[in-house]
Amino acid sequence: MNAIDPKTLGKVAVLMGGSSAEREISLMSGGGVLQALLSQGVDAHAFDTADQDLAELKRDGFASAFIALHGRHGEDGTVQGALELLGIPYTGSGVMASAIGMDKIMTKRVWLAEGLPTPRYVRLAPDEQTLQRISQVPVQLGLPLIVKPPREGSSIGVTKVTEFAHLQAAVALSASHDPDVLCEEFIDGEELTCPVLGEGANARALPVIRIVPPEAGYDYQNKYFTDEVQYLCPSGLPVEEEAEIQRITLAAYRTLGCRGWGRADLMLRASDRKPFLLEINTSPGMTSHSLVPMSARAAGISYEQLCLQLLQAAALDA
């Protein structure tokens, strides 16, 4: 990558905060990105979309936007659409890829249509969350199973259900975050994540990270606020396994039309070492605990270089 002259990047807004359930994480990500860009001489400014109108970006002469928002109204294509209308290039995926990637059920439908491996699932629409319908889910998927809101991130509203007696409460918790509920086959094995940088044929997968959670699991608290989780990068996986995980991650990213950057979460089944795609993040975290910077560092890309590269690739769909 050629050296980037920060002067050519103009006035940059780092979009952060917002109104989603992941606001706190977004402020941490945005703060890190802002400091990194400032340290490299970029004319970067914090912009909290919860209390600033996006129209101000045009009025105040911003040349581009670094999206450090997570969750709804940030990662789901809505902000991307607004920036398209304003004509302000932005980091990360465009409107369609962002919208599909934010919805785990739509993502699965696309991946399955393309023959990519993802755990079996049942969608419970609002009118299907009856005791009778819920009781059929373990028959279809077995136990244990995972219950989660399809349009949330950061493990919010997720439950691992090991016995039928707990299933209805898990569905109710998930439904408090999202009208639809995603019930998913539980894959027993190792948790992995694999970031991607770039677009189309030029996209490349970064080193795989193996996640070793504590007994309590890889939940919101352990993701961001403790040091209980072990992140192994290099992953320690056999070379051919790592290569296969990178291959299906790239296919998953390209199939959805992602660009700029992203990160796929996967499970590697213990019984047969088969990888399964869980979801894709089109606006990954950039906090001190975040995984894309960790993987980039293993590939020889510093946090500051990563931020500059992503900003340089800011674009519009049109």
# chains A, B, ... in the order shown; residues from 1 in each chain; ligands from 1

$ residues_around --residues "Leu69 (chain A)" --least-positions-apart "5" --cutoff "7 Å" --atoms "only C-alpha atoms" --output "PyMOL selection string"
chain A and resi 15-18+26+74-75+283

$ select_by_dssp --residues "region 24-140 of chain A" --states "alpha helix (DSSP H)" --output "ChimeraX atom specification"
/A:24-39,55-59,78-86,95-102,104-113,131-140

$ write_last_selection --atoms "C-alpha atoms" --output "compact mmCIF listing (two decimals), in the first residue's frame"
# COMPACT_ATOMS: atom_id res chain seq x y z
CA GLU A 24 -21.47 2.48 24.30
CA ILE A 25 -19.26 0.25 22.13
CA SER A 26 -19.56 2.63 19.18
CA LEU A 27 -18.30 5.54 21.30
CA MET A 28 -15.28 3.42 22.28
CA SER A 29 -14.64 2.44 18.63
CA GLY A 30 -15.09 5.99 17.38
CA GLY A 31 -12.84 7.43 20.06
CA GLY A 32 -10.05 5.05 19.05
CA VAL A 33 -10.45 5.80 15.34
CA LEU A 34 -10.55 9.56 15.95
CA GLN A 35 -7.32 9.52 17.98
CA ALA A 36 -5.61 7.33 15.38
CA LEU A 37 -6.57 9.63 12.50
CA LEU A 38 -5.58 12.77 14.41
CA SER A 39 -2.22 11.18 15.26
CA ALA A 55 -27.25 17.18 6.96
CA GLU A 56 -24.60 19.09 8.95
CA LEU A 57 -21.96 17.00 7.17
CA LYS A 58 -22.79 18.67 3.87
CA ARG A 59 -23.20 22.12 5.41
CA THR A 78 -29.80 3.53 6.79
CA VAL A 79 -26.85 5.85 7.44
CA GLN A 80 -25.22 4.56 4.26
CA GLY A 81 -28.34 5.56 2.30
CA ALA A 82 -28.37 9.02 3.85
CA LEU A 83 -24.69 9.51 2.96
CA GLU A 84 -25.44 8.38 -0.61
CA LEU A 85 -28.10 11.10 -0.88
CA LEU A 86 -25.69 13.68 0.58
CA VAL A 95 -26.55 0.17 1.33
CA MET A 96 -27.58 -3.33 0.22
CA ALA A 97 -24.67 -5.27 1.72
CA SER A 98 -25.06 -3.36 4.99
CA ALA A 99 -28.80 -4.04 5.14
CA ILE A 100 -28.46 -7.75 4.40
CA GLY A 101 -25.43 -8.20 6.67
CA MET A 102 -27.29 -6.65 9.62
CA LYS A 104 -28.79 -12.65 10.18
CA ILE A 105 -31.79 -14.41 8.60
CA MET A 106 -31.43 -12.64 5.25
CA THR A 107 -27.68 -13.30 5.38
CA LYS A 108 -28.32 -17.02 5.89
CA ARG A 109 -30.78 -17.12 3.00
CA VAL A 110 -28.19 -15.63 0.64
CA TRP A 111 -25.39 -17.88 1.90
CA LEU A 112 -27.52 -21.02 1.64
CA ALA A 113 -28.52 -20.07 -1.91
CA LEU A 131 -46.01 -22.18 22.98
CA GLN A 132 -47.21 -24.72 20.41
CA ARG A 133 -44.87 -23.40 17.68
CA ILE A 134 -41.95 -22.90 20.07
CA SER A 135 -42.28 -26.51 21.25
CA GLN A 136 -41.64 -27.73 17.68
CA VAL A 137 -38.27 -25.97 17.38
CA PRO A 138 -36.17 -28.51 19.37
CA VAL A 139 -37.72 -31.28 17.22
CA GLN A 140 -36.36 -29.50 14.14

$ residues_around --residues "Arg247 (chain A)" --least-positions-apart "2" --cutoff "12 Å" --atoms "only C-alpha atoms" --output "VMD selection string"
chain A and resid 116 to 117 194 to 196 203 to 208 240 to 245 249 to 254 264 275 277

$ write_last_selection --atoms "C-alpha atoms" --output "tab-separated table (two decimals), in the first residue's frame"
chain	number	residue	atom	x	y	z
A	116	LEU	CA	-22.09	-21.73	1.84
A	117	PRO	CA	-22.18	-23.58	5.19
A	194	CYS	CA	-11.87	-13.82	10.24
A	195	PRO	CA	-11.61	-10.20	9.01
A	196	VAL	CA	-11.54	-9.14	5.36
A	203	ALA	CA	-10.52	-8.48	-1.18
A	204	ARG	CA	-8.20	-10.45	1.10
A	205	ALA	CA	-8.77	-12.36	4.29
A	206	LEU	CA	-6.62	-11.48	7.30
A	207	PRO	CA	-5.34	-14.05	9.82
A	208	VAL	CA	-8.00	-16.10	11.62
A	240	GLU	CA	-5.13	-26.12	5.58
A	241	GLU	CA	-7.93	-25.44	8.10
A	242	GLU	CA	-7.01	-21.76	8.33
A	243	ALA	CA	-6.91	-21.52	4.53
A	244	GLU	CA	-10.38	-23.11	4.21
A	245	ILE	CA	-11.83	-20.73	6.80
A	249	THR	CA	-15.09	-16.09	4.65
A	250	LEU	CA	-14.03	-14.38	1.42
A	251	ALA	CA	-16.83	-16.14	-0.47
A	252	ALA	CA	-19.35	-15.05	2.19
A	253	TYR	CA	-18.11	-11.44	2.01
A	254	ARG	CA	-18.12	-11.26	-1.78
A	264	ALA	CA	-17.13	-13.06	9.65
A	275	PRO	CA	-16.56	-24.64	9.55
A	277	LEU	CA	-20.59	-19.22	9.05

$ closest_residue --among "A:Ala50, A:Ala65, A:Ile209, A:Ala3" --to "Leu316 (chain A)" --atoms "only C-alpha atoms"
A:Ala65

$ atom_distance --atom1 "CA of Ala21 (chain A)" --atom2 "CA of His70 (chain A)"
8.5 Å

$ closest_residue --among "A:Val14, A:Asp180, A:Ser93, A:His73" --to "Gly200 (chain A)" --atoms "only C-alpha atoms"
A:Ser93
